[in-house]
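**Student:** Contents are compact mmCIF, C-alpha atoms and all ligand atoms; file name work_28.txt:
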```txt
# COMPACT_ATOMS: atom_id res chain seq x y z
CA MET A 1 31.11 39.07 -0.84
CA GLN A 2 30.27 37.78 2.64
CA GLN A 3 30.59 34.00 2.87
CA MET A 4 27.03 33.41 4.13
CA ASN A 5 25.29 35.56 1.53
CA GLY A 6 22.13 33.85 0.27
CA LYS A 7 22.09 31.33 3.15
CA VAL A 8 19.19 30.99 5.57
CA ALA A 9 19.68 29.78 9.15
CA LEU A 10 17.29 28.81 11.92
CA ILE A 11 18.67 28.91 15.46
CA THR A 12 16.55 27.42 18.22
CA GLY A 13 16.72 29.36 21.48
CA GLY A 14 18.14 32.48 19.88
CA SER A 15 16.82 35.12 22.27
CA ARG A 16 19.95 35.19 24.44
CA GLY A 17 23.22 33.47 25.23
CA ILE A 18 24.95 31.24 22.69
CA GLY A 19 21.94 31.18 20.35
CA ALA A 20 21.69 34.98 20.14
CA ALA A 21 25.45 35.30 19.58
CA THR A 22 25.27 32.69 16.81
CA ALA A 23 22.36 34.50 15.12
CA ARG A 24 24.25 37.80 15.23
CA ARG A 25 27.43 36.24 13.90
CA LEU A 26 25.78 34.31 11.05
CA ALA A 27 23.90 37.48 10.09
CA ALA A 28 27.11 39.53 10.22
CA ASP A 29 28.53 37.07 7.69
CA GLY A 30 25.53 37.60 5.40
CA ALA A 31 22.99 34.91 6.36
CA SER A 32 19.30 35.57 6.86
CA VAL A 33 18.37 34.23 10.28
CA ALA A 34 15.33 33.09 12.22
CA VAL A 35 15.50 32.60 15.97
CA THR A 36 13.05 30.77 18.20
CA TYR A 37 12.27 31.61 21.80
CA VAL A 38 9.68 30.79 24.44
CA ASN A 39 9.61 33.52 27.07
CA GLY A 40 12.17 36.01 25.82
CA GLU A 41 10.05 37.84 23.26
CA GLY A 42 11.65 41.24 23.95
CA GLN A 43 15.15 39.80 23.88
CA ALA A 44 14.49 37.88 20.65
CA GLN A 45 13.07 41.04 19.09
CA SER A 46 16.20 43.00 20.12
CA VAL A 47 18.39 40.42 18.38
CA VAL A 48 16.25 40.82 15.25
CA ASP A 49 16.25 44.63 15.47
CA GLU A 50 20.03 44.71 15.86
CA ILE A 51 20.51 42.52 12.77
CA VAL A 52 17.99 44.44 10.69
CA SER A 53 19.45 47.81 11.65
CA ALA A 54 22.86 46.54 10.49
CA GLY A 55 21.30 45.78 7.09
CA GLY A 56 20.53 42.07 7.59
CA ARG A 57 17.38 39.96 7.48
CA ALA A 58 16.04 38.32 10.62
CA MET A 59 12.85 37.16 12.27
CA ALA A 60 11.84 35.87 15.70
CA ILE A 61 9.37 33.03 16.12
CA ARG A 62 7.80 31.90 19.38
CA ALA A 63 8.19 28.10 19.35
CA ASP A 64 8.53 25.98 22.46
CA SER A 65 10.90 23.14 21.61
CA ARG A 66 8.62 20.81 23.60
CA ASP A 67 5.85 21.39 21.06
CA ASP A 68 6.51 19.39 17.86
CA ALA A 69 3.93 21.30 15.83
CA ALA A 70 5.35 24.66 16.90
CA LEU A 71 8.88 23.59 15.98
CA GLU A 72 7.74 22.29 12.58
CA ALA A 73 5.75 25.48 11.99
CA ALA A 74 8.84 27.56 12.83
CA ILE A 75 10.79 25.72 10.15
CA GLU A 76 7.98 26.17 7.63
CA ARG A 77 7.73 29.90 8.41
CA THR A 78 11.48 30.30 8.02
CA VAL A 79 11.37 28.66 4.60
CA ALA A 80 8.32 30.67 3.52
CA GLU A 81 9.50 34.07 4.75
CA LEU A 82 13.28 33.87 4.33
CA GLY A 83 13.30 31.77 1.17
CA GLY A 84 14.70 28.39 2.25
CA LEU A 85 16.68 26.67 4.98
CA ASP A 86 20.39 25.93 4.67
CA ILE A 87 21.54 25.83 8.29
CA LEU A 88 19.83 24.44 11.38
CA VAL A 89 21.44 25.22 14.73
CA ASN A 90 19.93 23.10 17.50
CA ASN A 91 20.86 25.33 20.42
CA ALA A 92 17.89 25.59 22.81
CA GLY A 93 18.62 23.73 26.00
CA ILE A 94 18.02 23.60 29.72
CA PHE A 95 20.22 22.57 32.63
CA LEU A 96 18.44 20.85 35.51
CA SER A 97 20.72 19.60 38.27
CA GLY A 98 20.22 17.13 41.08
CA THR A 99 21.43 13.68 42.06
CA ILE A 100 19.36 10.71 40.95
CA ASN A 101 17.45 10.54 44.24
CA GLU A 102 16.56 14.23 43.94
CA THR A 103 15.41 13.99 40.31
CA THR A 104 11.71 13.95 39.39
CA LEU A 105 10.09 12.24 36.43
CA GLU A 106 8.91 15.65 35.25
CA GLU A 107 12.53 16.85 35.15
CA LEU A 108 13.54 13.72 33.25
CA ASP A 109 10.80 14.28 30.66
CA ARG A 110 11.51 18.01 30.33
CA THR A 111 15.23 17.46 29.83
CA ILE A 112 14.68 14.79 27.20
CA ALA A 113 11.99 16.84 25.44
CA ILE A 114 14.00 20.05 25.10
CA ASN A 115 17.61 18.88 24.96
CA LEU A 116 17.28 15.63 23.01
CA ARG A 117 13.91 15.10 21.35
CA ALA A 118 13.55 18.58 19.89
CA PRO A 119 16.81 18.40 17.88
CA VAL A 120 15.53 15.16 16.32
CA VAL A 121 12.14 16.71 15.51
CA ALA A 122 13.79 19.83 14.09
CA ALA A 123 16.17 17.77 11.96
CA MET A 124 13.28 15.65 10.64
CA ALA A 125 11.41 18.77 9.60
CA ALA A 126 14.44 20.66 8.29
CA VAL A 127 15.91 18.01 6.01
CA GLY A 128 12.86 18.14 3.79
CA TYR A 129 13.93 21.64 2.76
CA MET A 130 17.73 21.52 3.00
CA PRO A 131 19.69 21.61 -0.25
CA GLU A 132 23.10 20.09 -0.90
CA GLY A 133 25.58 22.04 1.21
CA GLY A 134 23.15 22.18 4.13
CA ARG A 135 24.37 22.09 7.72
CA ILE A 136 22.95 20.78 10.96
CA ILE A 137 24.96 21.95 13.96
CA THR A 138 23.90 20.95 17.45
CA ILE A 139 25.09 22.49 20.69
CA GLY A 140 26.08 19.68 23.02
CA SER A 141 28.26 20.16 26.09
CA ASN A 142 31.69 19.07 27.32
CA LEU A 143 29.65 17.29 30.03
CA ALA A 144 28.53 14.85 27.32
CA VAL A 145 32.07 13.53 27.31
CA ARG A 146 33.29 13.90 30.89
CA VAL A 147 31.19 14.17 34.05
CA PRO A 148 33.37 15.77 36.74
CA TRP A 149 30.69 16.19 39.45
CA SER A 150 27.60 14.51 40.80
CA GLY A 151 24.14 15.94 40.15
CA ILE A 152 24.35 16.36 36.39
CA SER A 153 23.28 12.95 35.11
CA LEU A 154 20.14 14.12 33.27
CA TYR A 155 21.99 16.89 31.49
CA ALA A 156 25.01 14.68 30.64
CA MET A 157 22.67 11.95 29.36
CA SER A 158 20.80 14.35 27.10
CA LYS A 159 23.96 15.85 25.65
CA ALA A 160 25.63 12.44 25.18
CA GLY A 161 22.55 11.32 23.24
CA LEU A 162 23.11 14.18 20.82
CA VAL A 163 26.52 12.74 19.93
CA GLY A 164 24.90 9.55 18.64
CA LEU A 165 22.27 11.58 16.82
CA THR A 166 24.97 13.67 15.14
CA LYS A 167 26.93 10.67 13.92
CA GLY A 168 23.81 8.88 12.71
CA LEU A 169 22.51 11.92 10.85
CA ALA A 170 25.94 12.48 9.31
CA ARG A 171 25.69 9.01 7.78
CA ASP A 172 22.04 9.47 6.74
CA LEU A 173 22.58 12.84 5.13
CA GLY A 174 26.12 12.57 3.81
CA PRO A 175 24.92 11.24 0.45
CA ARG A 176 22.88 14.44 0.08
CA GLY A 177 25.90 16.64 0.83
CA ILE A 178 24.53 17.78 4.20
CA ASN A 179 27.06 18.06 7.04
CA VAL A 180 26.07 17.30 10.62
CA ASN A 181 28.29 18.21 13.57
CA ILE A 182 28.16 18.85 17.30
CA VAL A 183 29.87 21.61 19.27
CA HIS A 184 30.59 20.94 22.94
CA PRO A 185 31.00 24.21 24.83
CA GLY A 186 32.46 24.21 28.28
CA SER A 187 31.63 26.93 30.77
CA THR A 188 30.22 29.83 28.79
CA ASP A 189 29.16 33.13 30.32
CA THR A 190 25.38 33.23 29.80
CA ASP A 191 22.26 33.34 31.96
CA MET A 192 22.54 29.54 32.23
CA ASN A 193 26.06 29.68 33.67
CA PRO A 194 27.24 33.18 34.66
CA ALA A 195 31.01 33.61 34.90
CA ASP A 196 30.53 35.21 38.34
CA GLY A 197 28.10 32.57 39.61
CA GLU A 198 28.71 30.65 42.82
CA LEU A 199 29.66 27.51 40.85
CA SER A 200 32.03 29.30 38.47
CA ASP A 201 35.30 28.90 40.44
CA PRO A 202 35.01 25.10 40.63
CA GLN A 203 34.45 25.09 36.86
CA ARG A 204 37.48 27.32 36.23
CA SER A 205 39.58 25.01 38.42
CA LEU A 206 39.12 22.23 35.84
CA MET A 207 40.41 24.28 32.91
CA ALA A 208 43.90 24.50 31.41
CA ILE A 209 43.07 28.12 30.56
CA PRO A 210 40.88 29.14 33.51
CA ARG A 211 38.60 31.52 31.66
CA TYR A 212 34.93 31.20 30.68
CA ASN A 213 34.00 31.25 27.01
CA GLU A 214 32.11 34.25 25.78
CA ALA A 215 29.04 33.23 23.78
CA ASP A 216 30.80 34.78 20.76
CA ASP A 217 33.61 32.21 21.04
CA VAL A 218 31.11 29.41 20.51
CA ALA A 219 29.29 31.38 17.80
CA GLY A 220 32.55 31.72 15.87
CA LEU A 221 33.09 27.96 15.79
CA VAL A 222 29.49 27.30 14.77
CA THR A 223 29.81 29.86 11.99
CA TRP A 224 33.00 28.28 10.70
CA LEU A 225 31.28 24.88 10.58
CA ALA A 226 28.34 26.45 8.76
CA GLY A 227 30.58 28.11 6.20
CA PRO A 228 32.35 26.88 3.07
CA GLU A 229 35.53 25.87 4.94
CA GLY A 230 33.51 23.36 6.97
CA ARG A 231 32.47 21.38 3.93
CA SER A 232 34.61 18.30 4.66
CA VAL A 233 33.74 18.09 8.34
CA THR A 234 30.86 15.82 9.29
CA GLY A 235 29.92 13.55 12.17
CA ALA A 236 32.49 15.38 14.27
CA GLU A 237 32.60 16.67 17.85
CA PHE A 238 34.27 20.00 18.66
CA THR A 239 35.08 20.73 22.28
CA ILE A 240 35.54 24.41 23.17
CA ASP A 241 36.12 24.42 26.91
CA GLY A 242 39.44 25.99 27.87
CA GLY A 243 40.87 22.49 28.18
CA ALA A 244 38.54 21.40 31.00
CA ASN A 245 38.15 17.93 29.54
CA ILE A 246 41.79 17.16 28.77
P1 LIG B 301 20.62 30.38 28.12
O1 LIG B 301 19.85 29.83 29.27
O2 LIG B 301 21.39 31.63 28.29
O3 LIG B 301 19.65 30.54 26.85
C1 LIG B 301 18.79 29.47 26.53
C2 LIG B 301 18.07 29.77 25.24
O4 LIG B 301 17.25 28.63 24.95
C3 LIG B 301 17.15 30.97 25.35
O5 LIG B 301 17.11 31.61 24.10
C4 LIG B 301 15.81 30.32 25.68
O6 LIG B 301 14.69 31.08 25.23
C5 LIG B 301 15.90 29.05 24.87
N1 LIG B 301 15.02 28.01 25.35
C6 LIG B 301 14.98 27.45 26.58
N2 LIG B 301 13.99 26.54 26.65
C7 LIG B 301 13.40 26.54 25.42
C8 LIG B 301 12.32 25.83 24.85
N3 LIG B 301 11.60 24.95 25.55
N4 LIG B 301 11.98 26.08 23.56
C9 LIG B 301 12.68 26.99 22.83
N5 LIG B 301 13.70 27.71 23.32
C10 LIG B 301 14.05 27.48 24.60
O7 LIG B 301 21.58 29.17 27.68
P2 LIG B 301 22.99 29.15 26.91
O8 LIG B 301 23.03 30.15 25.85
O9 LIG B 301 24.05 29.08 27.93
O10 LIG B 301 22.89 27.67 26.30
C11 LIG B 301 22.65 27.41 24.93
C12 LIG B 301 23.01 25.97 24.67
O11 LIG B 301 24.37 25.75 25.04
C13 LIG B 301 22.19 24.97 25.49
O12 LIG B 301 21.90 23.84 24.71
C14 LIG B 301 23.14 24.61 26.62
O13 LIG B 301 22.85 23.34 27.15
C15 LIG B 301 24.47 24.65 25.90
N6 LIG B 301 25.63 24.80 26.77
C16 LIG B 301 25.79 25.91 27.56
C17 LIG B 301 26.90 26.01 28.37
C18 LIG B 301 27.14 27.17 29.26
O14 LIG B 301 28.08 27.10 30.09
N7 LIG B 301 26.40 28.27 29.15
C19 LIG B 301 27.93 24.95 28.40
C20 LIG B 301 27.65 23.84 27.52
C21 LIG B 301 26.54 23.79 26.74
P3 LIG B 301 13.85 32.09 26.21
O15 LIG B 301 14.66 33.32 26.35
O16 LIG B 301 12.60 32.36 25.50
O17 LIG B 301 13.68 31.39 27.51
```
When written as structure tokens, how does the structure in this file appear?
**Tutor:**
Amino acid sequence: MQQMNGKVALITGGSRGIGAATARRLAADGASVAVTYVNGEGQAQSVVDEIVSAGGRAMAIRADSRDDAALEAAIERTVAELGGLDILVNNAGIFLSGTINETTLEELDRTIAINLRAPVVAAMAAVGYMPEGGRIITIGSNLAVRVPWSGISLYAMSKAGLVGLTKGLARDLGPRGINVNIVHPGSTDTDMNPADGELSDPQRSLMAIPRYNEADDVAGLVTWLAGPEGRSVTGAEFTIDGGANI
């Protein structure tokens, strides 16, 4: 039997990158998965089609993380159509760069809304449905912990805030047997941060193993946390960054 059989997962921002890899991996281990997206309808549908053609269950839901009602409705649809909600992966995120004198209030609000507020809203909605054994896993960033360059204060702030959220939720939900953890990827080859981008060499220069993560590397860690072997891990941070932060 696959270890995720009978489990249902919702992954925000699952049309591409780390979210899509996590959806594919959880489904490969037997979970039914829902993915949200905003613009990537075709990409989200391809993720679903790939899972379904491999014999799994999946659905794609358009839900902008900035829209509380849409996020709540996505969780309700997941429960109604896939039969529950065991695993929430708060993955959707944006990276807006610029030094403090280049930053606009709109960028501040957008970063907080998508990267920080939405995981709180999603957790609030999800815990009403989650049984004992549930998991909330949030994708942070190694930049939450160490800030090696200028111009990333908004992003670092939003990801650092998720660390406090994770620890607080772990305390709130521990008595219900729900585990809450945060995964901090370093440089990961996605549309957000291509391994051949113009900023990739400076990132590699920070690493002990100078190689970008594949999205699947992060998906594997998330899936382990979501599975039975992760049952004693809660309130914890997991850095997966080729040693950039050591
Ligand atoms: P991508 O830009 O490749 O993918 C982002 C995903 O988030 C897409 O599915 C996108 O959907 C979705 N998304 C963006 N905005 C919203 C929104 N408002 N509402 C709902 N979904 C949204 O990013 P990655 O896969 O690289 O990043 C995933 C997570 O990992 C993010 O939280 C990021 O901060 C974090 N991370 C990434 C690192 C990296 O090096 N790549 C390093 C550290 C952390 P759509 O296709 O519809 O736009």
**Student:** What's the 10 Å shell around Thr78 (chain A), counting all atoms listed in the file, without same-chain residues fewer than 5 positions away, as an NGL selection string?
**Tutor:** :A and (8-10 or 32-35 or 58-61 or 72-73 or 83-85)
**Student:** With 4 Å of padding per side, what axis-aligned box (centre and edge lengths, Å, one decimal) covers all the listed atoms of ligand LIG 301 (chain B)? Give it as lines of an AutoDock Vina configuration file.
**Tutor:**
```
center_x = 19.8
center_y = 28.3
center_z = 26.5
size_x = 24.5
size_y = 18.0
size_z = 15.3
```
**Student:** What's around region 86-97 of chain A at 9 Å? Count only C-alpha atoms, leave out sequence neighbours fewer than 2 positions away in its own chain, and write the answer as a ChimeraX atom specification.
**Tutor:** /A:7-14,18-19,22,36-37,65,84,99,102-103,107-108,110-111,114-116,118-119,122-123,126,129-140,150-155,192,222,226
**Student:** Let me see the file: selected residues, C-alpha atoms, as a PDB file, in the frame of the given file.
**Tutor:**
```
ATOM      1  CA  LYS A   7      22.090  31.330   3.150  1.00  0.00           C
ATOM      2  CA  VAL A   8      19.190  30.990   5.570  1.00  0.00           C
ATOM      3  CA  ALA A   9      19.680  29.780   9.150  1.00  0.00           C
ATOM      4  CA  LEU A  10      17.290  28.810  11.920  1.00  0.00           C
ATOM      5  CA  ILE A  11      18.670  28.910  15.460  1.00  0.00           C
ATOM      6  CA  THR A  12      16.550  27.420  18.220  1.00  0.00           C
ATOM      7  CA  GLY A  13      16.720  29.360  21.480  1.00  0.00           C
ATOM      8  CA  GLY A  14      18.140  32.480  19.880  1.00  0.00           C
ATOM      9  CA  ILE A  18      24.950  31.240  22.690  1.00  0.00           C
ATOM     10  CA  GLY A  19      21.940  31.180  20.350  1.00  0.00           C
ATOM     11  CA  THR A  22      25.270  32.690  16.810  1.00  0.00           C
ATOM     12  CA  THR A  36      13.050  30.770  18.200  1.00  0.00           C
ATOM     13  CA  TYR A  37      12.270  31.610  21.800  1.00  0.00           C
ATOM     14  CA  SER A  65      10.900  23.140  21.610  1.00  0.00           C
ATOM     15  CA  GLY A  84      14.700  28.390   2.250  1.00  0.00           C
ATOM     16  CA  THR A  99      21.430  13.680  42.060  1.00  0.00           C
ATOM     17  CA  GLU A 102      16.560  14.230  43.940  1.00  0.00           C
ATOM     18  CA  THR A 103      15.410  13.990  40.310  1.00  0.00           C
ATOM     19  CA  GLU A 107      12.530  16.850  35.150  1.00  0.00           C
ATOM     20  CA  LEU A 108      13.540  13.720  33.250  1.00  0.00           C
ATOM     21  CA  ARG A 110      11.510  18.010  30.330  1.00  0.00           C
ATOM     22  CA  THR A 111      15.230  17.460  29.830  1.00  0.00           C
ATOM     23  CA  ILE A 114      14.000  20.050  25.100  1.00  0.00           C
ATOM     24  CA  ASN A 115      17.610  18.880  24.960  1.00  0.00           C
ATOM     25  CA  LEU A 116      17.280  15.630  23.010  1.00  0.00           C
ATOM     26  CA  ALA A 118      13.550  18.580  19.890  1.00  0.00           C
ATOM     27  CA  PRO A 119      16.810  18.400  17.880  1.00  0.00           C
ATOM     28  CA  ALA A 122      13.790  19.830  14.090  1.00  0.00           C
ATOM     29  CA  ALA A 123      16.170  17.770  11.960  1.00  0.00           C
ATOM     30  CA  ALA A 126      14.440  20.660   8.290  1.00  0.00           C
ATOM     31  CA  TYR A 129      13.930  21.640   2.760  1.00  0.00           C
ATOM     32  CA  MET A 130      17.730  21.520   3.000  1.00  0.00           C
ATOM     33  CA  PRO A 131      19.690  21.610  -0.250  1.00  0.00           C
ATOM     34  CA  GLU A 132      23.100  20.090  -0.900  1.00  0.00           C
ATOM     35  CA  GLY A 133      25.580  22.040   1.210  1.00  0.00           C
ATOM     36  CA  GLY A 134      23.150  22.180   4.130  1.00  0.00           C
ATOM     37  CA  ARG A 135      24.370  22.090   7.720  1.00  0.00           C
ATOM     38  CA  ILE A 136      22.950  20.780  10.960  1.00  0.00           C
ATOM     39  CA  ILE A 137      24.960  21.950  13.960  1.00  0.00           C
ATOM     40  CA  THR A 138      23.900  20.950  17.450  1.00  0.00           C
ATOM     41  CA  ILE A 139      25.090  22.490  20.690  1.00  0.00           C
ATOM     42  CA  GLY A 140      26.080  19.680  23.020  1.00  0.00           C
ATOM     43  CA  SER A 150      27.600  14.510  40.800  1.00  0.00           C
ATOM     44  CA  GLY A 151      24.140  15.940  40.150  1.00  0.00           C
ATOM     45  CA  ILE A 152      24.350  16.360  36.390  1.00  0.00           C
ATOM     46  CA  SER A 153      23.280  12.950  35.110  1.00  0.00           C
ATOM     47  CA  LEU A 154      20.140  14.120  33.270  1.00  0.00           C
ATOM     48  CA  TYR A 155      21.990  16.890  31.490  1.00  0.00           C
ATOM     49  CA  MET A 192      22.540  29.540  32.230  1.00  0.00           C
ATOM     50  CA  VAL A 222      29.490  27.300  14.770  1.00  0.00           C
ATOM     51  CA  ALA A 226      28.340  26.450   8.760  1.00  0.00           C
TER      52      ALA A 226
END
```
**Student:** I need the residue nearest Asn245 (chain A) from this list: A:Leu206, A:Leu225, A:Ala69, A:Ala28. Use all atoms listed in the file for the distance.
**Tutor:**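 The answer is A:Leu206, which sits nearest to Asn245 (chain A).
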**Student:** What gap, in Å, lies between CA of Ala70 (chain A) and CA of Val121 (chain A)?
**Tutor:**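 Rounded to one decimal, the two atoms are 10.5 Å apart.
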**Student:** What does the structure give for the distance between CA of Leu26 (chain A) and CA of Asp196 (chain A), in Å to one decimal?
**Tutor:**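 One can read the CA of Leu26 (chain A) to CA of Asp196 (chain A) distance as 27.7 Å.
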**Student:** Between A:Arg211, A:Val145, A:Gly40, A:Pro175, which is the closest to Thr239 (chain A) once you count only C-alpha atoms?
**Tutor:**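 Once distances to Thr239 (chain A) are computed over only C-alpha atoms, the minimum belongs to A:Val145.
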**Student:** In file coordinates, which residues lie within 7 Å of (29.7, 21.4, 3.2) using only C-alpha atoms, given as an MDAnalysis selection string?
**Tutor:** chainID A and resid 133:134 177:179 228 230:232
**Student:** Kindly save the residues from that selection, with C-alpha atoms included, as a CSV table (one decimal), in the frame of the given file.
**Tutor:**
```csv
chain,number,residue,atom,x,y,z
A,133,GLY,CA,25.6,22.0,1.2
A,134,GLY,CA,23.2,22.2,4.1
A,177,GLY,CA,25.9,16.6,0.8
A,178,ILE,CA,24.5,17.8,4.2
A,179,ASN,CA,27.1,18.1,7.0
A,228,PRO,CA,32.4,26.9,3.1
A,230,GLY,CA,33.5,23.4,7.0
A,231,ARG,CA,32.5,21.4,3.9
A,232,SER,CA,34.6,18.3,4.7
```
**Student:** Using only C-alpha atoms, which protein or nucleic acid residues come within 6 Å of Ala208 (chain A)? Drop anything in the same chain fewer than 2 positions from it, and give the result as a list in words.
**Tutor:** Pro210, Gly242 and Gly243 of chain A
**Student:** Could you turn the residues from that selection into a file that holds C-alpha atoms, as a compact mmCIF listing (two decimals), in the frame of the given file?
**Tutor:**
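Everything below was put into result-v3.txt:
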```txt
# COMPACT_ATOMS: atom_id res chain seq x y z
CA PRO A 210 40.88 29.14 33.51
CA GLY A 242 39.44 25.99 27.87
CA GLY A 243 40.87 22.49 28.18
```
**Student:** Compare A:Asp68, A:Asp216, A:Asp189, A:Glu198 by their minimum atom-to-atom distance to ligand LIG 301 (chain B), counting all atoms listed in the file, and give me the closest one.
**Tutor:**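 Among A:Asp68, A:Asp216, A:Asp189, A:Glu198, it is A:Asp189 that comes nearest to ligand LIG 301 (chain B).
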**Student:** Between CA of Ala215 (chain A) and CA of Gln2 (chain A), what is the spacing in Å?
**Tutor:**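 These atoms are spaced 21.7 Å apart.
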**Student:** Find, counting all atoms listed in the file, the residue in A:Val147, A:Ala125, A:Val233, A:Ile209 that gets nearest to Lys167 (chain A).
**Tutor:**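 Checking each candidate against Lys167 (chain A), we get A:Val233 as the closest.
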**Student:** So, with all atoms listed in the file as the atoms that count, which of A:Gly56, A:Gly235, A:Gly6, A:Gly197 lies closest to Leu162 (chain A)?
**Tutor:**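 Using all atoms listed in the file, Leu162 (chain A) sits closest to A:Gly235.
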**Student:** Restricting the calculation to only C-alpha atoms: of A:Asp29, A:Asp172, A:Asp109, A:Glu229, which residue gets closest to Met124 (chain A)?
**Tutor:** A:Asp172
